[in-house]
>>> print(open('structure.txt').read())   # compact mmCIF, C-alpha atoms
# COMPACT_ATOMS: atom_id res chain seq x y z
CA MET F 1 7.58 9.26 16.75
CA PRO F 2 9.34 7.48 13.84
CA LYS F 3 7.18 6.50 10.87
CA THR F 4 7.47 3.23 8.97
CA ILE F 5 8.01 3.98 5.31
CA LEU F 6 7.95 1.38 2.54
CA ILE F 7 10.15 2.22 -0.44
CA THR F 8 9.56 0.06 -3.49
CA GLY F 9 12.65 -0.07 -5.70
CA GLY F 10 14.60 1.16 -2.70
CA ALA F 11 17.91 -0.40 -3.76
CA GLY F 12 17.99 1.53 -7.02
CA PHE F 13 19.59 4.86 -7.86
CA ILE F 14 16.93 7.23 -6.53
CA GLY F 15 15.54 4.81 -3.95
CA SER F 16 18.83 4.19 -2.16
CA HIS F 17 19.39 7.93 -1.73
CA VAL F 18 15.88 8.29 -0.29
CA VAL F 19 16.70 5.46 2.15
CA ASP F 20 19.84 7.32 3.24
CA GLN F 21 17.89 10.49 3.96
CA LEU F 22 15.01 8.82 5.81
CA ILE F 23 17.30 6.67 7.99
CA LYS F 24 19.33 9.80 8.78
CA SER F 25 16.17 11.62 9.88
CA GLY F 26 15.17 8.79 12.23
CA GLU F 27 12.45 6.95 10.29
CA ARG F 28 12.01 3.18 9.98
CA VAL F 29 12.49 2.03 6.38
CA ILE F 30 11.38 -1.13 4.60
CA VAL F 31 12.88 -1.62 1.14
CA LEU F 32 11.06 -3.87 -1.33
CA ASP F 33 13.23 -4.62 -4.36
CA ASN F 34 13.34 -7.53 -6.80
CA PHE F 35 16.97 -6.90 -7.90
CA ASN F 36 16.08 -7.51 -11.53
CA ASP F 37 18.76 -7.73 -14.20
CA TYR F 38 17.97 -4.49 -16.09
CA TYR F 39 21.39 -3.62 -14.75
CA SER F 40 23.67 -5.51 -12.39
CA PRO F 41 21.96 -6.52 -9.13
CA GLN F 42 25.42 -6.28 -7.52
CA ILE F 43 25.31 -2.48 -8.01
CA LYS F 44 21.94 -2.24 -6.27
CA ARG F 45 23.12 -4.39 -3.36
CA HIS F 46 26.14 -2.11 -3.03
CA ASN F 47 23.83 0.94 -2.91
CA ILE F 48 22.19 -0.21 0.34
CA ALA F 49 24.93 -2.40 1.87
CA HIS F 50 25.78 0.22 4.52
CA HIS F 51 22.24 -0.06 5.98
CA GLN F 52 22.03 -3.85 6.26
CA GLN F 53 22.94 -4.07 9.96
CA GLN F 54 20.83 -1.11 11.08
CA ALA F 55 17.85 -1.77 13.35
CA ARG F 56 15.59 0.72 11.53
CA PHE F 57 16.25 -0.84 8.11
CA LYS F 58 14.63 -3.93 6.64
CA LEU F 59 15.16 -5.41 3.17
CA VAL F 60 12.48 -7.55 1.56
CA GLU F 61 13.51 -9.20 -1.71
CA GLY F 62 10.43 -9.50 -3.84
CA ASP F 63 8.27 -8.15 -6.62
CA ILE F 64 5.32 -5.74 -6.74
CA LEU F 65 3.69 -8.23 -9.13
CA ASN F 66 3.54 -10.77 -6.28
CA GLU F 67 0.17 -10.00 -4.65
CA SER F 68 0.54 -12.54 -1.84
CA LEU F 69 3.94 -11.09 -0.88
CA LEU F 70 2.47 -7.58 -0.78
CA ASN F 71 -0.40 -8.78 1.39
CA GLN F 72 1.96 -10.49 3.80
CA LEU F 73 4.24 -7.45 3.98
CA PHE F 74 1.40 -5.04 4.77
CA LYS F 75 -0.18 -7.48 7.21
CA GLU F 76 3.06 -7.86 9.20
CA SER F 77 4.16 -4.20 9.13
CA SER F 78 2.36 -1.06 10.29
CA ILE F 79 3.23 0.98 7.22
CA ASP F 80 2.48 4.72 7.39
CA THR F 81 3.69 5.85 3.96
CA VAL F 82 4.60 4.24 0.64
CA ILE F 83 7.18 5.78 -1.69
CA HIS F 84 6.65 3.86 -4.92
CA LEU F 85 9.78 4.00 -7.07
CA ALA F 86 9.84 0.43 -8.42
CA ALA F 87 9.42 0.38 -12.20
CA ARG F 88 10.89 -0.79 -15.46
CA ALA F 89 12.90 2.26 -16.45
CA GLY F 90 14.21 3.58 -19.76
CA VAL F 91 12.51 4.95 -22.86
CA ARG F 92 14.31 2.99 -25.59
CA PRO F 93 14.04 -0.48 -23.98
CA SER F 94 10.28 0.09 -23.59
CA LEU F 95 9.96 0.04 -27.38
CA GLU F 96 11.37 -3.50 -27.37
CA GLN F 97 9.37 -4.85 -24.39
CA PRO F 98 6.14 -2.84 -24.10
CA GLN F 99 4.21 -5.70 -22.46
CA LEU F 100 6.79 -5.99 -19.68
CA TYR F 101 6.70 -2.23 -19.07
CA PHE F 102 2.94 -2.20 -18.72
CA GLN F 103 2.92 -5.31 -16.58
CA VAL F 104 5.39 -3.87 -14.05
CA ASN F 105 4.58 -0.15 -14.21
CA VAL F 106 0.78 -0.39 -14.45
CA LEU F 107 -0.26 -3.73 -12.97
CA GLY F 108 2.44 -3.46 -10.28
CA THR F 109 1.13 -0.02 -9.31
CA LEU F 110 -2.44 -1.34 -9.25
CA ASN F 111 -1.37 -4.20 -6.95
CA LEU F 112 0.20 -1.70 -4.57
CA LEU F 113 -2.86 0.58 -4.57
CA GLU F 114 -5.09 -2.42 -3.86
CA VAL F 115 -3.06 -3.53 -0.86
CA MET F 116 -2.90 0.07 0.44
CA LYS F 117 -6.69 0.21 0.20
CA ARG F 118 -7.03 -3.15 1.98
CA TYR F 119 -4.78 -2.16 4.90
CA GLN F 120 -5.90 1.49 4.96
CA VAL F 121 -2.49 3.00 4.31
CA GLY F 122 -3.34 6.56 3.36
CA ASN F 123 -0.16 8.18 2.06
CA LEU F 124 1.55 7.51 -1.28
CA VAL F 125 4.34 9.17 -3.26
CA PHE F 126 4.32 7.85 -6.83
CA ALA F 127 7.35 8.23 -9.11
CA SER F 128 6.12 9.49 -12.46
CA SER F 129 8.27 10.95 -15.23
CA SER F 130 8.74 13.90 -17.55
CA SER F 131 8.20 11.29 -20.31
CA VAL F 132 4.43 11.72 -19.86
CA TYR F 133 4.66 15.14 -21.57
CA GLY F 134 5.59 13.72 -24.97
CA ASN F 135 7.36 15.88 -27.53
CA HIS F 136 7.36 19.67 -27.14
CA ALA F 137 9.74 22.10 -28.81
CA SER F 138 9.56 24.71 -26.06
CA GLY F 139 8.94 24.94 -22.34
CA PRO F 140 8.75 25.13 -19.42
CA PHE F 141 6.20 22.31 -18.98
CA THR F 142 3.48 23.04 -16.42
CA GLU F 143 1.58 20.22 -14.71
CA ASP F 144 -1.67 21.21 -16.45
CA LEU F 145 -0.14 20.71 -19.91
CA THR F 146 -1.96 17.97 -21.85
CA THR F 147 -0.26 14.60 -21.40
CA ASP F 148 -2.34 12.50 -23.79
CA THR F 149 0.46 11.94 -26.30
CA PRO F 150 3.54 10.31 -24.73
CA VAL F 151 5.89 9.08 -27.46
CA SER F 152 7.08 5.84 -25.79
CA PRO F 153 5.46 2.89 -24.01
CA TYR F 154 7.46 3.91 -20.93
CA GLY F 155 5.88 7.39 -20.94
CA ALA F 156 2.44 5.87 -21.57
CA SER F 157 2.89 3.43 -18.66
CA LYS F 158 3.74 6.29 -16.29
CA LYS F 159 0.70 8.28 -17.47
CA ALA F 160 -1.45 5.19 -16.81
CA GLY F 161 0.04 4.97 -13.31
CA GLU F 162 -0.92 8.58 -12.62
CA VAL F 163 -4.51 7.94 -13.75
CA LEU F 164 -4.80 4.88 -11.50
CA CYS F 165 -3.43 6.88 -8.56
CA SER F 166 -6.00 9.59 -9.20
CA SER F 167 -8.84 7.04 -9.13
CA TYR F 168 -7.69 5.49 -5.84
CA ALA F 169 -7.09 8.88 -4.24
CA HIS F 170 -10.68 9.81 -5.07
CA LEU F 171 -12.30 6.49 -4.12
CA TYR F 172 -10.35 5.51 -1.01
CA GLN F 173 -9.06 8.78 0.49
CA ILE F 174 -5.40 7.98 -0.16
CA SER F 175 -3.24 11.12 -0.19
CA VAL F 176 -1.32 10.74 -3.47
CA LYS F 177 1.53 12.86 -4.75
CA CYS F 178 2.62 11.98 -8.32
CA LEU F 179 6.10 13.39 -8.86
CA ARG F 180 7.27 13.88 -12.43
CA PHE F 181 11.05 13.46 -12.31
CA PHE F 182 13.17 15.29 -14.85
CA THR F 183 16.37 13.31 -15.64
CA ALA F 184 17.84 12.63 -12.23
CA TYR F 185 21.63 12.16 -12.15
CA GLY F 186 24.44 11.88 -9.63
CA PRO F 187 26.30 9.24 -7.60
CA ARG F 188 24.82 5.71 -8.06
CA ASN F 189 23.37 6.80 -11.41
CA ARG F 190 21.87 3.95 -13.44
CA PRO F 191 24.58 2.75 -15.85
CA ASP F 192 22.33 3.24 -18.91
CA MET F 193 21.72 6.95 -18.27
CA ALA F 194 23.57 9.52 -20.36
CA CYS F 195 25.39 11.36 -17.55
CA PHE F 196 26.93 8.19 -16.17
CA LYS F 197 27.42 6.45 -19.50
CA PHE F 198 29.25 9.43 -21.00
CA THR F 199 31.32 10.08 -17.87
CA ARG F 200 32.51 6.49 -17.73
CA ALA F 201 33.23 6.30 -21.47
CA ILE F 202 35.11 9.60 -21.68
CA ALA F 203 37.15 8.79 -18.55
CA SER F 204 38.06 5.39 -20.06
CA GLY F 205 38.81 6.70 -23.55
CA MET F 206 35.88 4.77 -25.04
CA PRO F 207 33.74 6.29 -27.81
CA ILE F 208 30.28 7.72 -27.08
CA THR F 209 27.31 8.02 -29.40
CA GLN F 210 25.54 11.34 -29.86
CA TYR F 211 22.00 10.83 -31.13
CA GLY F 212 20.84 13.74 -33.25
CA ASP F 213 22.66 17.03 -33.86
CA GLY F 214 23.32 17.74 -30.18
CA THR F 215 20.60 20.36 -29.78
CA THR F 216 18.10 18.21 -27.85
CA GLY F 217 17.71 19.56 -24.32
CA ARG F 218 17.28 17.84 -20.97
CA ASP F 219 16.44 19.27 -17.57
CA TYR F 220 19.13 17.37 -15.62
CA THR F 221 18.29 17.36 -11.91
CA TYR F 222 20.82 16.41 -9.24
CA ILE F 223 19.86 13.50 -7.00
CA LYS F 224 20.10 15.47 -3.73
CA ASP F 225 17.50 17.92 -5.05
CA ILE F 226 15.20 15.10 -6.23
CA VAL F 227 15.42 13.41 -2.81
CA ALA F 228 14.55 16.66 -1.00
CA GLY F 229 11.42 16.88 -3.15
CA ILE F 230 10.44 13.25 -2.49
CA VAL F 231 10.85 13.57 1.28
CA ALA F 232 8.87 16.83 1.33
CA ALA F 233 6.11 15.19 -0.76
CA SER F 234 5.92 12.27 1.70
CA GLN F 235 5.04 14.79 4.41
CA LEU F 236 2.49 16.74 2.35
CA GLN F 237 -1.15 16.04 3.23
CA THR F 238 -3.26 16.69 0.16
CA PRO F 239 -5.89 14.56 -1.62
CA PHE F 240 -4.10 14.34 -5.00
CA GLU F 241 -1.38 16.37 -6.66
CA ILE F 242 0.87 16.07 -9.71
CA ILE F 243 4.14 17.93 -9.15
CA ASN F 244 7.18 18.46 -11.38
CA LEU F 245 10.61 17.89 -9.83
CA GLY F 246 13.25 19.36 -12.11
CA ASN F 247 16.12 21.81 -12.17
CA SER F 248 14.16 24.13 -14.48
CA SER F 249 17.35 24.84 -16.44
CA PRO F 250 17.72 22.47 -19.42
CA ILE F 251 20.99 22.11 -21.29
CA SER F 252 21.71 20.71 -24.74
CA LEU F 253 23.26 17.31 -25.34
CA ARG F 254 26.26 19.08 -26.85
CA LYS F 255 26.68 21.16 -23.67
CA LEU F 256 26.38 18.05 -21.52
CA ILE F 257 29.23 16.38 -23.41
CA THR F 258 31.51 19.43 -23.26
CA THR F 259 30.82 19.81 -19.52
CA ILE F 260 31.76 16.17 -18.87
CA GLU F 261 34.92 16.65 -20.96
CA LYS F 262 35.83 19.56 -18.70
CA VAL F 263 35.11 17.60 -15.49
CA VAL F 264 37.06 14.51 -16.62
CA ASN F 265 39.73 16.59 -18.38
CA LYS F 266 39.57 14.46 -21.54
CA LYS F 267 38.09 14.91 -25.00
CA ALA F 268 35.26 12.63 -26.06
CA VAL F 269 35.62 10.22 -28.95
CA LEU F 270 32.33 11.01 -30.63
CA TYR F 271 30.16 9.01 -33.03
CA LYS F 272 27.00 10.58 -34.39
CA GLU F 273 23.76 8.73 -35.10
CA PRO F 274 20.23 9.87 -36.01
CA ILE F 275 17.87 10.69 -33.16
CA GLN F 276 16.21 7.54 -31.84
CA PRO F 277 12.49 6.63 -31.82
CA GLY F 278 10.91 7.58 -28.48
CA ASP F 279 13.39 10.40 -27.83
CA VAL F 280 11.99 13.91 -27.34
CA GLU F 281 13.37 17.32 -28.32
CA LEU F 282 13.20 18.87 -24.86
CA THR F 283 12.38 18.36 -21.20
CA PHE F 284 11.93 21.54 -19.15
CA ALA F 285 10.17 21.61 -15.77
CA ASP F 286 8.09 24.47 -14.51
CA ILE F 287 8.64 24.08 -10.75
CA THR F 288 6.32 26.83 -9.50
CA LYS F 289 4.03 24.26 -7.87
CA ALA F 290 6.94 22.35 -6.27
CA ARG F 291 8.27 25.61 -4.83
CA LYS F 292 4.88 26.44 -3.36
CA LEU F 293 3.84 23.02 -2.00
CA LEU F 294 7.21 21.44 -1.18
CA GLN F 295 9.48 24.47 -0.68
CA PHE F 296 11.51 22.83 -3.46
CA LYS F 297 14.69 24.73 -4.33
CA PRO F 298 17.17 22.89 -6.56
CA THR F 299 20.64 24.15 -5.67
CA THR F 300 23.12 21.99 -7.63
CA SER F 301 24.46 23.24 -10.97
CA ILE F 302 25.24 20.77 -13.75
CA ASP F 303 28.99 21.44 -13.42
CA THR F 304 28.97 20.69 -9.68
CA GLY F 305 26.65 17.69 -10.00
CA LEU F 306 28.73 16.08 -12.74
CA ALA F 307 31.89 16.62 -10.67
CA TYR F 308 30.23 14.75 -7.77
CA LEU F 309 29.20 11.97 -10.15
CA TYR F 310 32.74 11.65 -11.53
CA HIS F 311 34.25 11.64 -8.04
CA TRP F 312 31.88 8.84 -7.03
CA TYR F 313 32.72 6.86 -10.18
CA GLN F 314 36.46 7.13 -9.51
CA TYR F 315 35.96 5.43 -6.12
CA ASN F 316 33.48 2.83 -7.39
CA HIS F 317 34.66 2.02 -10.92
CA GLN F 318 35.27 -1.63 -9.97
CA LEU F 319 31.47 -2.13 -9.85
CA PHE F 320 31.32 -1.56 -13.59
CA ASP F 321 34.53 -3.25 -14.78
>>> encode(input="structure.txt", output="structure tokens")
Amino acid sequence: MPKTILITGGAGFIGSHVVDQLIKSGERVIVLDNFNDYYSPQIKRHNIAHHQQQARFKLVEGDILNESLLNQLFKESSIDTVIHLAARAGVRPSLEQPQLYFQVNVLGTLNLLEVMKRYQVGNLVFASSSSVYGNHASGPFTEDLTTDTPVSPYGASKKAGEVLCSSYAHLYQISVKCLRFFTAYGPRNRPDMACFKFTRAIASGMPITQYGDGTTGRDYTYIKDIVAGIVAASQLQTPFEIINLGNSSPISLRKLITTIEKVVNKKAVLYKEPIQPGDVELTFADITKARKLLQFKPTTSIDTGLAYLYHWYQYNHQLFD
């Protein structure tokens, strides 16, 4: 029998891909999204436009900070599972607006947990982040690594969200899976993320900025692999787990740029700046737990994933012009 799954932030990059997969597998999906202006709302509307006329899809425009809206939504809908992706994203902007990040990412998560408790919805997937790990020079990062020293308000807000989830899992028997995403990329990528930003700039002959000496490493994880992990987590019955979702194969910033140059068949116009506050040296997921609990097997190499991203951009460049 189809389940009813609420996806907060479901019009965004990751959320819209999760919607695609769940609709394809026969579930009923409710998307709650506030279409904020962190990047163009038009892009987010485009992400889910192909579902608008489908009977098993419902869009609710609203905010997780609106408690009365959440109450009404849960009262009217028999929700089985919540996949909570709505958040203020981005490390660097969180240094400029820390209050906003905590309001949305912490208070918004608390609002959602409260309404789940009230309506006895017992299954939650919470989108956390590799940013909770802070700055480490070597990896891989296991889930039991200390996460008391995130180096950005964004990372701290995601750590706070995990702690809240743990409390509610314990108190109210909500099955919670906190997934720490490691730099998701691919078609529909957020415009501020390096993979998309560099691909667009290099393809257009615009300069790009390299922060640091190019040796910082990121565990870029293709969106299809991330989505497989999210869907598997939504079906996992366990009291509380924190699980890394990454490719477990980090590459340097320099390698990322040269790979995009190869995919686009153009040389980058490169400016170099010092590393920015809040940036970390490395992200590197240990995915042993994800393999065991979710049968998680990332299959997309960075070369292939960036080629898919570029192909998508070529057909959708008008969204960003």
>>> closest_residue(input="structure.txt", among="F:Ala307, F:Ile23, F:Ile287, F:Ala228", to="His50 in chain F", atoms="only C-alpha atoms")
F:Ile23
>>> atom_distance(input="structure.txt", atom1="CA of Ile14 in chain F", atom2="CA of Thr146 in chain F")
26.6 Å
>>> closest_residue(input="structure.txt", among="F:Arg92, F:Lys177, F:Lys117, F:Lys44", to="Asn71 in chain F", atoms="all atoms listed in the file")
F:Lys117
>>> closest_residue(input="structure.txt", among="F:Pro150, F:Pro93, F:Gly62, F:Gly122", to="Thr81 in chain F", atoms="all atoms listed in the file")
F:Gly122
>>> closest_residue(input="structure.txt", among="F:Gly90, F:Thr221, F:Tyr310, F:Gly186", to="Gly278 in chain F", atoms="only C-alpha atoms")
F:Gly90
>>> atom_distance(input="structure.txt", atom1="CA of Ile7 in chain F", atom2="CA of Asp225 in chain F")
17.9 Å
>>> closest_residue(input="structure.txt", among="F:Pro153, F:Pro140, F:Gly205, F:Gly12", to="His46 in chain F", atoms="all atoms listed in the file")
F:Gly12
>>> residues_near_point(input="structure.txt", point="(26.5, 11.3, -30.6)", cutoff="7 Å", atoms="all atoms listed in the file", output="PDB file with C-alpha atoms, keeping the file's coordinate frame")
ATOM      1  CA  ILE F 208      30.280   7.720 -27.080  1.00  0.00           C
ATOM      2  CA  THR F 209      27.310   8.020 -29.400  1.00  0.00           C
ATOM      3  CA  GLN F 210      25.540  11.340 -29.860  1.00  0.00           C
ATOM      4  CA  TYR F 211      22.000  10.830 -31.130  1.00  0.00           C
ATOM      5  CA  GLY F 212      20.840  13.740 -33.250  1.00  0.00           C
ATOM      6  CA  LEU F 270      32.330  11.010 -30.630  1.00  0.00           C
ATOM      7  CA  TYR F 271      30.160   9.010 -33.030  1.00  0.00           C
ATOM      8  CA  LYS F 272      27.000  10.580 -34.390  1.00  0.00           C
ATOM      9  CA  GLU F 273      23.760   8.730 -35.100  1.00  0.00           C
TER      10      GLU F 273
END
>>> residues_near_point(input="structure.txt", point="(14.3, -4.9, 4.8)", cutoff="12 Å", atoms="only C-alpha atoms", output="ChimeraX atom specification")
/F:4-11,19,28-34,48-49,51-62,73,77
>>> closest_residue(input="structure.txt", among="F:Lys24, F:His17, F:Lys3, F:Lys255", to="Ile79 in chain F", atoms="all atoms listed in the file")
F:Lys3
>>> residues_around(input="structure.txt", residues="Asn105 in chain F", least_positions_apart="5", cutoff="8 Å", atoms="only C-alpha atoms", output="PyMOL selection string")
chain F and resi 86-88+157-158+161
>>> write_last_selection(input="structure.txt", atoms="C-alpha atoms", output="JSON list (two decimals), in the frame of the given file")
[["chain", "number", "residue", "atom", "x", "y", "z"],
["F", 86, "ALA", "CA", 9.84, 0.43, -8.42],
["F", 87, "ALA", "CA", 9.42, 0.38, -12.20],
["F", 88, "ARG", "CA", 10.89, -0.79, -15.46],
["F", 157, "SER", "CA", 2.89, 3.43, -18.66],
["F", 158, "LYS", "CA", 3.74, 6.29, -16.29],
["F", 161, "GLY", "CA", 0.04, 4.97, -13.31]]
>>> residues_around(input="structure.txt", residues="range 170-175 of chain F", least_positions_apart="6", cutoff="7 Å", atoms="all atoms listed in the file", output="list in words")
Lys117, Gly122, Asn123, Leu124, Gln237, Thr238, Pro239 and Phe240 of chain F
>>> build_atoms(input="structure.txt", residues="range 280-309 of chain F", atoms="N, CA and C atoms", output="PDB file, in the coordinates of the input")
ATOM      1  N   VAL F 280      12.706  12.641 -27.188  1.00  0.00           N
ATOM      2  CA  VAL F 280      11.990  13.910 -27.340  1.00  0.00           C
ATOM      3  C   VAL F 280      13.007  15.037 -27.539  1.00  0.00           C
ATOM      4  N   GLU F 281      12.508  16.166 -28.054  1.00  0.00           N
ATOM      5  CA  GLU F 281      13.370  17.320 -28.320  1.00  0.00           C
ATOM      6  C   GLU F 281      13.843  17.996 -27.028  1.00  0.00           C
ATOM      7  N   LEU F 282      12.941  18.039 -26.030  1.00  0.00           N
ATOM      8  CA  LEU F 282      13.200  18.870 -24.860  1.00  0.00           C
ATOM      9  C   LEU F 282      12.455  18.346 -23.642  1.00  0.00           C
ATOM     10  N   THR F 283      13.097  18.436 -22.478  1.00  0.00           N
ATOM     11  CA  THR F 283      12.380  18.360 -21.200  1.00  0.00           C
ATOM     12  C   THR F 283      12.736  19.621 -20.406  1.00  0.00           C
ATOM     13  N   PHE F 284      11.725  20.227 -19.785  1.00  0.00           N
ATOM     14  CA  PHE F 284      11.930  21.540 -19.150  1.00  0.00           C
ATOM     15  C   PHE F 284      10.818  21.718 -18.104  1.00  0.00           C
ATOM     16  N   ALA F 285      11.163  21.586 -16.847  1.00  0.00           N
ATOM     17  CA  ALA F 285      10.170  21.610 -15.770  1.00  0.00           C
ATOM     18  C   ALA F 285       9.835  23.021 -15.334  1.00  0.00           C
ATOM     19  N   ASP F 286       8.552  23.316 -15.276  1.00  0.00           N
ATOM     20  CA  ASP F 286       8.090  24.470 -14.510  1.00  0.00           C
ATOM     21  C   ASP F 286       7.935  23.980 -13.068  1.00  0.00           C
ATOM     22  N   ILE F 287       8.652  24.583 -12.137  1.00  0.00           N
ATOM     23  CA  ILE F 287       8.640  24.080 -10.750  1.00  0.00           C
ATOM     24  C   ILE F 287       7.943  25.048  -9.783  1.00  0.00           C
ATOM     25  N   THR F 288       7.080  25.893 -10.333  1.00  0.00           N
ATOM     26  CA  THR F 288       6.320  26.830  -9.500  1.00  0.00           C
ATOM     27  C   THR F 288       5.534  26.098  -8.417  1.00  0.00           C
ATOM     28  N   LYS F 289       4.853  25.008  -8.818  1.00  0.00           N
ATOM     29  CA  LYS F 289       4.030  24.260  -7.870  1.00  0.00           C
ATOM     30  C   LYS F 289       4.903  23.582  -6.812  1.00  0.00           C
ATOM     31  N   ALA F 290       6.029  23.001  -7.231  1.00  0.00           N
ATOM     32  CA  ALA F 290       6.940  22.350  -6.270  1.00  0.00           C
ATOM     33  C   ALA F 290       7.487  23.364  -5.263  1.00  0.00           C
ATOM     34  N   ARG F 291       7.796  24.558  -5.739  1.00  0.00           N
ATOM     35  CA  ARG F 291       8.270  25.610  -4.830  1.00  0.00           C
ATOM     36  C   ARG F 291       7.205  25.934  -3.781  1.00  0.00           C
ATOM     37  N   LYS F 292       5.972  26.035  -4.243  1.00  0.00           N
ATOM     38  CA  LYS F 292       4.880  26.440  -3.360  1.00  0.00           C
ATOM     39  C   LYS F 292       4.509  25.332  -2.362  1.00  0.00           C
ATOM     40  N   LEU F 293       4.355  24.100  -2.848  1.00  0.00           N
ATOM     41  CA  LEU F 293       3.840  23.020  -2.000  1.00  0.00           C
ATOM     42  C   LEU F 293       4.942  22.297  -1.217  1.00  0.00           C
ATOM     43  N   LEU F 294       6.138  22.241  -1.785  1.00  0.00           N
ATOM     44  CA  LEU F 294       7.210  21.440  -1.180  1.00  0.00           C
ATOM     45  C   LEU F 294       8.405  22.276  -0.730  1.00  0.00           C
ATOM     46  N   GLN F 295       8.322  23.607  -0.936  1.00  0.00           N
ATOM     47  CA  GLN F 295       9.480  24.470  -0.680  1.00  0.00           C
ATOM     48  C   GLN F 295      10.713  23.935  -1.420  1.00  0.00           C
ATOM     49  N   PHE F 296      10.473  23.491  -2.638  1.00  0.00           N
ATOM     50  CA  PHE F 296      11.510  22.830  -3.460  1.00  0.00           C
ATOM     51  C   PHE F 296      12.414  23.886  -4.083  1.00  0.00           C
ATOM     52  N   LYS F 297      13.725  23.768  -3.806  1.00  0.00           N
ATOM     53  CA  LYS F 297      14.690  24.730  -4.330  1.00  0.00           C
ATOM     54  C   LYS F 297      15.928  23.989  -4.808  1.00  0.00           C
ATOM     55  N   PRO F 298      15.964  23.565  -6.073  1.00  0.00           N
ATOM     56  CA  PRO F 298      17.170  22.890  -6.560  1.00  0.00           C
ATOM     57  C   PRO F 298      18.373  23.820  -6.471  1.00  0.00           C
ATOM     58  N   THR F 299      19.477  23.295  -5.944  1.00  0.00           N
ATOM     59  CA  THR F 299      20.640  24.150  -5.670  1.00  0.00           C
ATOM     60  C   THR F 299      21.907  23.710  -6.390  1.00  0.00           C
ATOM     61  N   THR F 300      21.879  22.562  -7.082  1.00  0.00           N
ATOM     62  CA  THR F 300      23.120  21.990  -7.630  1.00  0.00           C
ATOM     63  C   THR F 300      23.218  22.246  -9.123  1.00  0.00           C
ATOM     64  N   SER F 301      24.242  22.967  -9.543  1.00  0.00           N
ATOM     65  CA  SER F 301      24.460  23.240 -10.970  1.00  0.00           C
ATOM     66  C   SER F 301      24.938  21.972 -11.663  1.00  0.00           C
ATOM     67  N   ILE F 302      24.814  21.945 -12.983  1.00  0.00           N
ATOM     68  CA  ILE F 302      25.240  20.770 -13.750  1.00  0.00           C
ATOM     69  C   ILE F 302      26.742  20.538 -13.610  1.00  0.00           C
ATOM     70  N   ASP F 303      27.536  21.593 -13.569  1.00  0.00           N
ATOM     71  CA  ASP F 303      28.990  21.440 -13.420  1.00  0.00           C
ATOM     72  C   ASP F 303      29.340  20.771 -12.087  1.00  0.00           C
ATOM     73  N   THR F 304      28.707  21.250 -11.012  1.00  0.00           N
ATOM     74  CA  THR F 304      28.970  20.690  -9.680  1.00  0.00           C
ATOM     75  C   THR F 304      28.463  19.263  -9.587  1.00  0.00           C
ATOM     76  N   GLY F 305      27.243  19.028 -10.072  1.00  0.00           N
ATOM     77  CA  GLY F 305      26.650  17.690 -10.000  1.00  0.00           C
ATOM     78  C   GLY F 305      27.445  16.654 -10.765  1.00  0.00           C
ATOM     79  N   LEU F 306      27.927  17.020 -11.946  1.00  0.00           N
ATOM     80  CA  LEU F 306      28.730  16.080 -12.740  1.00  0.00           C
ATOM     81  C   LEU F 306      30.090  15.829 -12.084  1.00  0.00           C
ATOM     82  N   ALA F 307      30.629  16.822 -11.411  1.00  0.00           N
ATOM     83  CA  ALA F 307      31.890  16.620 -10.670  1.00  0.00           C
ATOM     84  C   ALA F 307      31.685  15.624  -9.535  1.00  0.00           C
ATOM     85  N   TYR F 308      30.546  15.724  -8.833  1.00  0.00           N
ATOM     86  CA  TYR F 308      30.230  14.750  -7.770  1.00  0.00           C
ATOM     87  C   TYR F 308      30.070  13.348  -8.358  1.00  0.00           C
ATOM     88  N   LEU F 309      29.390  13.265  -9.497  1.00  0.00           N
ATOM     89  CA  LEU F 309      29.200  11.970 -10.150  1.00  0.00           C
ATOM     90  C   LEU F 309      30.539  11.361 -10.531  1.00  0.00           C
TER      91      LEU F 309
END
